[in-house]
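Written below as structure tokens is the structure these notes are about.
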Protein chains: 4
Amino acid sequence: MRAIVIHAPRDLRVENLPLDEIGPGDVRVRIEAGGICGSDLHYYHHGGFGAVRIKEPMVLGHEVSGIVDAVGAEVSRVAAGQRVSVSPSRPCGACRYCQEGRQNHCLDMRFYGSAMRFPHVQGAFRQVLVASEAQCHPVPGELTAGEAAMAEPLAVCLHAARRARPLLGRRVLVTGSGPIGALSIIAARRAGAAEIVATDVAEAPLAAARTVGADRTINIASEPDALVPYGADKGFFDVLIEASGNAQALIGALAALRPGAVIVQLGLGGDVTLPINTIVAKEIELRGTFRFHEEFGLAVELMAKRLVDVRPLLTATLPFEQAVEAFDLASDRTRAMKVQLAFA
Amino acid sequence: MRAIVIHAPRDLRVENLPLDEIGPGDVRVRIEAGGICGSDLHYYHHGGFGAVRIKEPMVLGHEVSGIVDAVGAEVSRVAAGQRVSVSPSRPCGACRYCQEGRQNHCLDMRFYGSAMRFPHVQGAFRQVLVASEAQCHPVPGELTAGEAAMAEPLAVCLHAARRARPLLGRRVLVTGSGPIGALSIIAARRAGAAEIVATDVAEAPLAAARTVGADRTINIASEPDALVPYGADKGFFDVLIEASGNAQALIGALAALRPGAVIVQLGLGGDVTLPINTIVAKEIELRGTFRFHEEFGLAVELMAKRLVDVRPLLTATLPFEQAVEAFDLASDRTRAMKVQLAFA
Amino acid sequence: MRAIVIHAPRDLRVENLPLDEIGPGDVRVRIEAGGICGSDLHYYHHGGFGAVRIKEPMVLGHEVSGIVDAVGAEVSRVAAGQRVSVSPSRPCGACRYCQEGRQNHCLDMRFYGSAMRFPHVQGAFRQVLVASEAQCHPVPGELTAGEAAMAEPLAVCLHAARRARPLLGRRVLVTGSGPIGALSIIAARRAGAAEIVATDVAEAPLAAARTVGADRTINIASEPDALVPYGADKGFFDVLIEASGNAQALIGALAALRPGAVIVQLGLGGDVTLPINTIVAKEIELRGTFRFHEEFGLAVELMAKRLVDVRPLLTATLPFEQAVEAFDLASDRTRAMKVQLAFA
Amino acid sequence: MRAIVIHAPRDLRVENLPLDEIGPGDVRVRIEAGGICGSDLHYYHHGGFGAVRIKEPMVLGHEVSGIVDAVGAEVSRVAAGQRVSVSPSRPCGACRYCQEGRQNHCLDMRFYGSAMRFPHVQGAFRQVLVASEAQCHPVPGELTAGEAAMAEPLAVCLHAARRARPLLGRRVLVTGSGPIGALSIIAARRAGAAEIVATDVAEAPLAAARTVGADRTINIASEPDALVPYGADKGFFDVLIEASGNAQALIGALAALRPGAVIVQLGLGGDVTLPINTIVAKEIELRGTFRFHEEFGLAVELMAKRLVDVRPLLTATLPFEQAVEAFDLASDRTRAMKVQLAFA
């Protein structure tokens with residue numbers, strides 16, 4: 001079996017890997033599609049982010065779908081031949097956070113392709129993947145392998161939408177219109193947002209944002225004052241979904257937020273210097289959002305029913321052997337939204 | 001009538017002022033007690049805070065109580081001879097925020113002793129004050145004038161407690177144990193917090209914190225690592241009430257907060273540099289809290305029923321003619337919690 | 001001017017009425033379309049419902065749209081020639097509920113065509129209506145008069161959807177698929193419900209329910225056990241929107257609700273005998289929902305952006321002179337969803 | 001070992017029972033005190049309630065405390081000689097409700113002395129009880145065995161208080177002032193309720209209600225109109241805690257509830273006929289509340305810190321051999337609040 005392994009910044013290799021054993025509760029999946037995520041790119045370019053750094057070779061990837069190849073003796077919900085979307089998240093189920101229903105904060109989480117713990121949890125960019133039954137979500141025939149592989153980033157954005165206040169009828173600003181920003185627009189629209197304005201510093205993502213439902217897009221680089229009118233009478237937006245990871249995007253949006261507005265912070269970045277007096281005087285709420293739990297199944301379901309449509313975001317699919325080229329394409333925001341690898 | 005007027009940083013004067021007219025909906029109050037607040041001290045030492053600066057002489061003070069002297073023809077809920085606590089807050093009632101029940105964000109707010117708008121709203125450190133009936137809350141005979149004058153800062157802290165999640169059974173960390181921190185302890189305890197830990201860098205406020213109900217106090221200057229054990233298993237506290245305005249207090253507490261914890265930010269300060277990746281990965285919520293609305297009446301009621309007791313926080317009362325001395329005493333955290341002025 | 005007046009049960013007349021004066025803050029509207037609502041039918045058939053009874057002749061109607069004919073001197077947001085949807089709701093703005101942002105509970109509410117107070121508030125089924133500016137919501141040209149007149153019942157259902165928990169990803173059961181049930185399906189879908197099952201005892205409303213987005217419909221008269229499988233493992237649905245006003249619908253659905261489920265009760269009826277032990281043991285929440293406030297503007301906006309589409313529910317439009325025929329048609333659930341009157 | 005076994009209505013026996021084995025994760029407790037609960041009385045008088053009926057002899061009791069006698073090899077948090085309060089609740093930890101943090105709805109719950117499942121789960125009125133470590137909560141030395149045995153009903157009421165809206169500053173009506181009503185007063189007061197009015201039809205429980213903190217008590221039998229003035233301006237109370245199980249108490253309180261008020265239904269009873277139009281027009285929320293989960297530990301902690309004091313509710317303690325006499329006393333609301341049995 002071949003897999004895509006990061007060894008060091010800019011040192012990405014396609015290598016042989018032994019097949020994993022299949023236990024009684026496991027499912028073996030022949031991977032079809034794998035999407036390249038921002039964190040994959042962080043490992044690729046910088047070897048990690050913040051305190052999270054690769055300390056040993058690690059298979060990348062956590063947005064995958066495939067065809068079930070074999071199942072263990074105790075597996076009942078999934079059968080060979082089915083297309084499945086595979087969640088990269090495997091919480092322990094027993095720790096205090098799992099028992100509170102907050103599995104995304106599991107004390108013993110195993111999440112594909114993450115260097116948060118050591119030894120690292122190896123990722124899913126591989127030809128054959130063995131996962132637990134609970135990670136495998138059957139996908140109806142209407143969905144392509146590429147769409148099925150979008151369940152993970154869509155789940156992240158559905159979770160983020162839930163971390164905001166109820167969105168029905170709300171006015172939402174999305175800063176950063178890359179894949180996560182665009183999926184957040186889709187999630188906010190599905191959740192009933194009445195008005196969605198999206199910003200970015202590049203034209204290509206803004207065009208994608210319009211395609212998936214933004215009412216208005218603003219190139220904040222070329223129109224730096226475009227948010228100013230939204231600041232009248234103490235602000236306009238009920239919710240800011242911050243998907244750029246850029247401190248300036250967050251700070252530049254504060255004046256446009258109504259008192260009591262909620263900021264959902266999706267974007268990772270370094271430190272952010274906040275004007276705390278504004279946060280206080282406007283009673284703004286800044287809420288981090290991290291991964292997902294039950295939203296993975298929800299992502300599959302909403303796509304299956306065509307209640308959301310992620311296809312406009314699928315820029316290109318390259319053979320996995322061209323992983324380096326694919327990673328470079330995915331890194332170019334002027335050309336690419338979501339880039340996926342084909343493993344079959 | 002004499003009043004206490006700030007002209008410039010460190011230039012505080014006791015001056016004559018003409019009496020105000022009393023309209024049909026107004027109440028004239030002979031002020032008995034006035035508490036010196038942190039914002040009064042900011043005007044006194046620095047001429048303001050952030051973008052808020054005195055541009056003309058301004059009577060200070062917004063924590064006052066007194067005896068009703070006369071009432072306008074339309075006043076029915078208050079009568080001459082009654083002791084009242086006077087709210088410094090006069091929202092317009094008609095703007096969109098007032099119509100949403102968010103009067104603390106009123107677009108046309110008049111708040112005593114505030115330089116936020118120009119001309120400034122003159123304050124309540126004066127011998128005779130004319131207020132609207134809605135601002136005057138009758139106080140039962142058991143409460144002293146000094147206690148009655150504590151309604152305003154207590155209301156701020158009750159509002160902050162409501163801005164947190166429901167506190168029954170929660171573990172609460174309070175950073176900064178000055179008057180606002182101590183009143184936050186009182187509010188959190190009244191709201192059912194199971195465990196309250198308070199920090200400060202001085203001993204005197206920590207002693208006061210213990211008196212009003214903190215289960216444990218930590219001098220973070222002499223015990224800089226005392227919060228470390230609370231960081232086990234991703235954190236311990238459900239809520240942080242940040243009442244110091246010190247960026248280091250906020251940042252130093254993050255590791256001790258459980259995933260999903262709420263930070264209620266009361267303290268004003270300058271910019272704060274936040275590690276945004278921690279906010280994201282732990283899904284922390286940072287919520288500003290600003291002033292109060294219906295909590296003013298609640299503060300009076302809870303004190304009147306002795307469901308809260310603010311008396312341990314009343315350090316000293318000085319004649320208003322010694323305003324400068326009182327302001328200097330109030331500025332010394334090693335000697336003073338709440339310092340009040342006597343006007344009668 | 002002609003208007004439709006109820007005098008007694010089954011005594012509905014088209015009568016002459018004098019024109020109202022137009023004040024400085026008022027808007028005069030030539031009514032185009034008026035939808036017949038369930039409460040109109042209650043007045044028509046029974047003279048009212050519960051304790052609410054007509055005690056004097058009353059113009060019916062509260063779902064109307066039209067063309068602005070003239071505006072008072074102080075009106076700025078609306079101009080002659082514009083199509084507007086007119087909200088029947090006129091809260092006082094000053095009472096304690098209005099000041100809490102709960103205008104639908106205003107102590108001095110004036111709501112068109114309602115016998116709740118005496119003298120009754122006359123209704124909007126008339127050729128010319130004078131309303132306050134705040135009641136008039138401009139409608140974009142793409143919307144027909146009939147759609148514009150749907151803003152009111154849609155607002156009721158958007159308010160109901162907000163009274164439920166956040167609906168993104170939730171499983172929703174709607175009992176009663178008449179106009180209000182069908183609009184609730186539309187609202188729940190817009191708010192992100194993942195699965196919507198609708199019930200009724202007649203085929204026609206179920207067909208409409210499918211058209212507007214129900215995933216499954218159940219004729220509970222012909223398939224009385226169809227909900228039984230949803231009762232496995234203590235229940236399936238997160239939310240029940242009860243739009244039938246039929247006690248049996250509510251009670252028959254309890255077993256299919258998950259622990260902690262929310263019932264939003266829209267349907268009016270008489271007394272309901274509830275098995276309180278089931279409510280307790282499953283910790284079910286039964287929430288009444290009543291009218292709307294800001295959701296009226298939201299209804300117009302969502303229709304204008306085609307984020308919801310109410311057109312499948314517009315069964316028929318009759319000239320207002322045929323009011324009796326129209327009321328009879330609207331009373332026949334096997335033939336009609338929404339029946340509207342044309343006034344121009 | 002002796003235990004108290006219900007065989008049929010009014011057939012309560014003290015019998016011999018074999019000792020249970022102690023597993024590696026188990027704790028053996030010599031029971032000291034056991035409180036008689038309303039459900040115990042239902043089994044005693046009627047053989048059950050609603051659909052829950054005894055079908056085989058069952059040890060009663062689920063409010064107990066005792067001294068640890070021995071612990072299994074894997075037990076670490078509890079040691080021999082400690083006093084513990086023993087939770088009667090043993091959820092499975094693995095079902096979907098446990099994994100959502102809603103353990104009180106566990107699909108495989110084992111709850112002491114309950115006939116909900118068959119074979120019944122035997123109860124805790126016995127001299128020696130073997131429980132899992134997670135059920136055993138160490139109690140500090142200041143608490144008596146009787147207080148420690150109050151953790152369970154207090155936990156029920158703390159859970160009920162959390163099922164209401166945040167109570168800080170709220171006005172609360174409690175209908176039914178027996179042990180559960182009185183503990184609800186204690187919980188509401190601890191959670192910050194500003195005003196608590198309690199009703200009952202007997203004087204003794206009302207006297208107890210005053211002792212534990214009710215601001216006002218009403219004998220609704222002798223003062224049937226006493227709630228009428230609270231109905232002015234659409235109502236007064238924000239929250240109703242219904243602890244009587246009497247339909248008339250619930251219905252009679254509706255007019256005194258503000259629009260949007262929350263009813264927390266604790267009391268079990270038969271069917272309740274509700275005026276659904278009132279629920280709708282006032283947007284009232286009726287919420288069932290059932291048992292507890294993490295509130296058990298909280299109950300112990302709040303008692304241990306003397307943040308709540310249940311001692312005024314402990315009417316009498318009888319030797320367990322006089323179980324029948326104790327059950328009869330507990331059934332007499334004019335003489336008894338909480339009656340406990342002494343097992344050591």
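Ligands are numbered from 1 in the order shown, residues from 1 within each chain, and chains are lettered A, B, ... in the order they appear in the structure tokens.
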Task: Distance query Phe118 in chain B at most 12 Å, only C-alpha atoms, self and fewer than 6 positions along chain excluded, as a list in words - done: Val52, Arg53, Ile54, Lys55, Glu56, Pro57, Met58, Asp108, Met109, Arg110 and Phe111 of chain B
Task: Neighbour list for Glu283 in chain B as a ChimeraX atom specification, cut-off 8 Å, only C-alpha atoms, skip fewer than 2 positions in-chain - done: /A:287-290 /B:259-261,278-281,285
Produce a file of the selected residues containing N, CA and C atoms, as a short mmCIF file (atom, residue, chain, number, x, y, z; two decimals), in the first residue's frame.
```
data_model
loop_
_atom_site.label_atom_id
_atom_site.label_comp_id
_atom_site.auth_asym_id
_atom_site.auth_seq_id
_atom_site.Cartn_x
_atom_site.Cartn_y
_atom_site.Cartn_z
N ARG A 287 -15.88 33.24 20.59
CA ARG A 287 -15.98 31.82 20.90
C ARG A 287 -15.09 31.01 19.97
N GLY A 288 -14.18 30.27 20.56
CA GLY A 288 -13.43 29.33 19.74
C GLY A 288 -14.33 28.18 19.30
N THR A 289 -13.98 27.57 18.17
CA THR A 289 -14.69 26.37 17.73
C THR A 289 -13.65 25.38 17.24
N PHE A 290 -13.84 24.11 17.58
CA PHE A 290 -12.79 23.13 17.36
C PHE A 290 -13.38 21.81 16.87
N PRO B 259 -12.31 23.03 28.78
CA PRO B 259 -12.85 23.27 27.44
C PRO B 259 -14.28 23.81 27.54
N GLY B 260 -14.57 24.80 26.72
CA GLY B 260 -15.91 25.40 26.74
C GLY B 260 -16.12 26.41 27.84
N ALA B 261 -15.08 26.70 28.62
CA ALA B 261 -15.23 27.67 29.72
C ALA B 261 -15.60 29.05 29.18
N THR B 278 -5.25 28.67 21.52
CA THR B 278 -5.79 28.09 22.75
C THR B 278 -7.29 28.35 22.86
N ILE B 279 -7.69 29.56 22.53
CA ILE B 279 -9.12 29.90 22.53
C ILE B 279 -9.88 28.94 21.61
N VAL B 280 -9.28 28.68 20.43
CA VAL B 280 -9.93 27.80 19.45
C VAL B 280 -9.95 26.36 19.95
N ALA B 281 -8.79 25.83 20.32
CA ALA B 281 -8.70 24.40 20.62
C ALA B 281 -9.49 24.03 21.87
N GLU B 285 -14.94 30.78 25.51
CA GLU B 285 -15.76 31.94 25.13
C GLU B 285 -15.34 33.13 25.98
#
```
May I have a table of the residues of chain D lying at most 12 Å from chain A, giving each one's closest pair of atoms and their distance in Å to one decimal, counting only C-alpha atoms, ordered by chain and ascending residue number, as JSON lines?
```
{"residue": "D:Pro91", "atom": "CA", "partner": "A:Gln99", "partner_atom": "CA", "distance": 10.9}
{"residue": "D:Cys92", "atom": "CA", "partner": "A:Gln99", "partner_atom": "CA", "distance": 10.7}
{"residue": "D:Gly93", "atom": "CA", "partner": "A:Gln99", "partner_atom": "CA", "distance": 7.0}
{"residue": "D:Ala94", "atom": "CA", "partner": "A:Gly93", "partner_atom": "CA", "distance": 7.5}
{"residue": "D:Cys95", "atom": "CA", "partner": "A:Gly93", "partner_atom": "CA", "distance": 10.2}
{"residue": "D:Arg96", "atom": "CA", "partner": "A:Gly101", "partner_atom": "CA", "distance": 9.4}
{"residue": "D:Tyr97", "atom": "CA", "partner": "A:Gly101", "partner_atom": "CA", "distance": 8.7}
{"residue": "D:Cys98", "atom": "CA", "partner": "A:Gln99", "partner_atom": "CA", "distance": 6.3}
{"residue": "D:Gln99", "atom": "CA", "partner": "A:Gln99", "partner_atom": "CA", "distance": 5.2}
{"residue": "D:Glu100", "atom": "CA", "partner": "A:Gly101", "partner_atom": "CA", "distance": 3.9}
{"residue": "D:Gly101", "atom": "CA", "partner": "A:Glu100", "partner_atom": "CA", "distance": 3.9}
{"residue": "D:Arg102", "atom": "CA", "partner": "A:Glu100", "partner_atom": "CA", "distance": 7.6}
{"residue": "D:Gln103", "atom": "CA", "partner": "A:Gln99", "partner_atom": "CA", "distance": 8.5}
{"residue": "D:Cys106", "atom": "CA", "partner": "A:Gln99", "partner_atom": "CA", "distance": 11.8}
{"residue": "D:His293", "atom": "CA", "partner": "A:Glu100", "partner_atom": "CA", "distance": 10.6}
{"residue": "D:Glu294", "atom": "CA", "partner": "A:Glu100", "partner_atom": "CA", "distance": 9.9}
```
Would you export the selected residues with all heavy atoms as a compact mmCIF listing (two decimals), in the first residue's frame, please?
```txt
# COMPACT_ATOMS: atom_id res chain seq x y z
N PRO D 91 -25.93 4.65 35.64
CA PRO D 91 -26.12 4.60 34.19
C PRO D 91 -25.04 3.74 33.54
O PRO D 91 -23.98 3.50 34.13
CB PRO D 91 -25.98 6.06 33.78
CG PRO D 91 -25.12 6.67 34.84
CD PRO D 91 -25.40 5.92 36.12
N CYS D 92 -25.32 3.32 32.29
CA CYS D 92 -24.41 2.37 31.63
C CYS D 92 -23.14 3.03 31.11
O CYS D 92 -22.11 2.37 30.96
CB CYS D 92 -25.14 1.65 30.50
SG CYS D 92 -25.38 2.67 29.00
N GLY D 93 -23.22 4.32 30.77
CA GLY D 93 -22.04 5.02 30.27
C GLY D 93 -21.81 4.87 28.78
O GLY D 93 -21.00 5.60 28.19
N ALA D 94 -22.48 3.94 28.15
CA ALA D 94 -22.18 3.63 26.75
C ALA D 94 -23.31 3.94 25.78
O ALA D 94 -23.06 4.10 24.59
CB ALA D 94 -21.82 2.16 26.64
N CYS D 95 -24.54 4.02 26.26
CA CYS D 95 -25.66 4.23 25.33
C CYS D 95 -25.62 5.65 24.78
O CYS D 95 -24.86 6.49 25.22
CB CYS D 95 -26.99 3.97 26.03
SG CYS D 95 -27.50 5.28 27.15
N ARG D 96 -26.50 5.91 23.81
CA ARG D 96 -26.39 7.21 23.15
C ARG D 96 -26.69 8.37 24.09
O ARG D 96 -26.12 9.45 23.94
CB ARG D 96 -27.27 7.26 21.90
CG ARG D 96 -28.75 7.06 22.13
CD ARG D 96 -29.52 7.31 20.82
NE ARG D 96 -30.89 6.84 20.91
CZ ARG D 96 -31.87 7.30 20.15
NH1 ARG D 96 -31.62 8.21 19.23
NH2 ARG D 96 -33.09 6.84 20.29
N TYR D 97 -27.55 8.16 25.06
CA TYR D 97 -27.85 9.25 25.99
C TYR D 97 -26.68 9.49 26.95
O TYR D 97 -26.33 10.63 27.25
CB TYR D 97 -29.16 9.01 26.73
CG TYR D 97 -30.32 8.90 25.76
CD1 TYR D 97 -31.03 7.71 25.61
CD2 TYR D 97 -30.69 9.98 24.96
CE1 TYR D 97 -32.08 7.61 24.70
CE2 TYR D 97 -31.72 9.89 24.04
CZ TYR D 97 -32.42 8.69 23.91
OH TYR D 97 -33.44 8.60 23.01
N CYS D 98 -26.07 8.43 27.43
CA CYS D 98 -24.88 8.60 28.27
C CYS D 98 -23.78 9.34 27.50
O CYS D 98 -23.10 10.21 28.05
CB CYS D 98 -24.37 7.25 28.75
SG CYS D 98 -25.36 6.54 30.09
N GLN D 99 -23.62 8.99 26.22
CA GLN D 99 -22.58 9.62 25.42
C GLN D 99 -22.93 11.07 25.07
O GLN D 99 -22.09 11.81 24.56
CB GLN D 99 -22.33 8.82 24.14
CG GLN D 99 -21.61 7.50 24.40
CD GLN D 99 -20.12 7.70 24.70
OE1 GLN D 99 -19.44 8.39 23.98
NE2 GLN D 99 -19.63 7.11 25.78
N GLU D 100 -24.17 11.46 25.32
CA GLU D 100 -24.55 12.87 25.13
C GLU D 100 -24.49 13.64 26.44
O GLU D 100 -24.85 14.82 26.47
CB GLU D 100 -25.99 12.95 24.59
CG GLU D 100 -26.17 12.50 23.17
CD GLU D 100 -27.64 12.50 22.75
OE1 GLU D 100 -28.49 12.97 23.53
OE2 GLU D 100 -27.92 12.00 21.65
N GLY D 101 -24.09 12.98 27.53
CA GLY D 101 -24.09 13.65 28.82
C GLY D 101 -25.46 13.72 29.47
O GLY D 101 -25.68 14.54 30.35
N ARG D 102 -26.38 12.89 29.02
CA ARG D 102 -27.74 12.88 29.59
C ARG D 102 -27.98 11.54 30.27
O ARG D 102 -28.89 10.80 29.92
CB ARG D 102 -28.75 13.12 28.48
CG ARG D 102 -28.29 14.23 27.55
CD ARG D 102 -29.32 14.55 26.50
NE ARG D 102 -30.44 15.21 27.15
CZ ARG D 102 -31.54 15.54 26.53
NH1 ARG D 102 -31.68 15.25 25.26
NH2 ARG D 102 -32.51 16.14 27.17
N GLN D 103 -27.14 11.25 31.25
CA GLN D 103 -27.17 9.95 31.89
C GLN D 103 -28.48 9.65 32.59
O GLN D 103 -28.82 8.47 32.78
CB GLN D 103 -25.99 9.84 32.89
CG GLN D 103 -24.62 9.63 32.24
CD GLN D 103 -23.98 10.90 31.73
OE1 GLN D 103 -24.57 11.97 31.76
NE2 GLN D 103 -22.75 10.80 31.26
N CYS D 106 -30.43 7.28 30.52
CA CYS D 106 -29.72 6.06 30.10
C CYS D 106 -30.69 4.95 29.68
O CYS D 106 -31.70 4.70 30.35
CB CYS D 106 -28.85 5.57 31.27
SG CYS D 106 -28.08 3.96 30.98
N HIS D 293 -27.94 13.87 37.54
CA HIS D 293 -26.71 13.12 37.27
C HIS D 293 -25.58 13.75 38.08
O HIS D 293 -25.36 13.37 39.21
CB HIS D 293 -26.37 13.05 35.78
CG HIS D 293 -25.11 12.32 35.50
ND1 HIS D 293 -24.92 11.03 35.90
CD2 HIS D 293 -23.96 12.70 34.90
CE1 HIS D 293 -23.70 10.64 35.56
NE2 HIS D 293 -23.10 11.64 34.96
N GLU D 294 -24.91 14.74 37.52
CA GLU D 294 -23.78 15.30 38.27
C GLU D 294 -24.24 16.08 39.49
O GLU D 294 -23.42 16.42 40.35
CB GLU D 294 -22.93 16.18 37.36
CG GLU D 294 -23.67 17.38 36.82
CD GLU D 294 -22.72 18.45 36.26
OE1 GLU D 294 -21.68 18.09 35.72
OE2 GLU D 294 -23.05 19.63 36.41
```
Task: 7 Å contact set for Ile263 in chain D, only C-alpha atoms, chain neighbours under 3 positions out, as a ChimeraX atom specification - done: /D:239-242,285-287
Since we have the selection now, will you write its residues out, keeping C-alpha atoms, as a PDB file, in the first residue's frame?
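Saved file part_7.pdb follows:
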```
ATOM      1  CA  VAL D 239     -40.633  30.507  37.151  1.00  0.00           C
ATOM      2  CA  LEU D 240     -43.022  27.999  38.657  1.00  0.00           C
ATOM      3  CA  ILE D 241     -41.562  24.943  40.320  1.00  0.00           C
ATOM      4  CA  GLU D 242     -44.464  22.514  40.500  1.00  0.00           C
ATOM      5  CA  GLU D 285     -42.822  26.671  28.792  1.00  0.00           C
ATOM      6  CA  LEU D 286     -43.655  23.503  30.686  1.00  0.00           C
ATOM      7  CA  ARG D 287     -40.528  21.443  31.302  1.00  0.00           C
TER       8      ARG D 287
END
```
Open item on the list: Neighbouring residues of Ser132 in chain C were defined as those with any atom within 7 Å, considering only C-alpha atoms; residues of the same chain fewer than 6 positions away were excluded. Please report them as a list in words.
Closed with: Gly25, Asp26 and Val27 of chain C
- [ ] Would you mind listing what lies within 12 Å of Leu60 in chain A as a PyMOL selection string, with only C-alpha atoms counted and same-chain residues fewer than 5 positions away left out?
- [x] chain A and resi 3-8+12-15+34-44+47-48+54+88+111-115+120-126+320+323+327+341
TODO: For Ala316 in chain C, work out the shell of residues within 9 Å, counting only C-alpha atoms and skipping chain neighbours fewer than 5 positions away, then give it as a PyMOL selection string.
DONE: chain C and resi 326+329+336-341
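Excluding Met150 in chain B itself and same-chain residues fewer than 4 positions from it, the residues having an atom within 9 Å of it are Gly34, Gly35, Glu63, Val64, Ser65, Ser85, Ala145, Gly146, Leu154, Ala155, Ala299, Val300, Val310, Leu314 and Lys338 of chain B, counting only C-alpha atoms.
Between Ile67 in chain C and the residues C:Val308, C:Leu266, C:Met116, C:Ala149, the shortest atom-to-atom distance, using only C-alpha atoms, involves C:Ala149.
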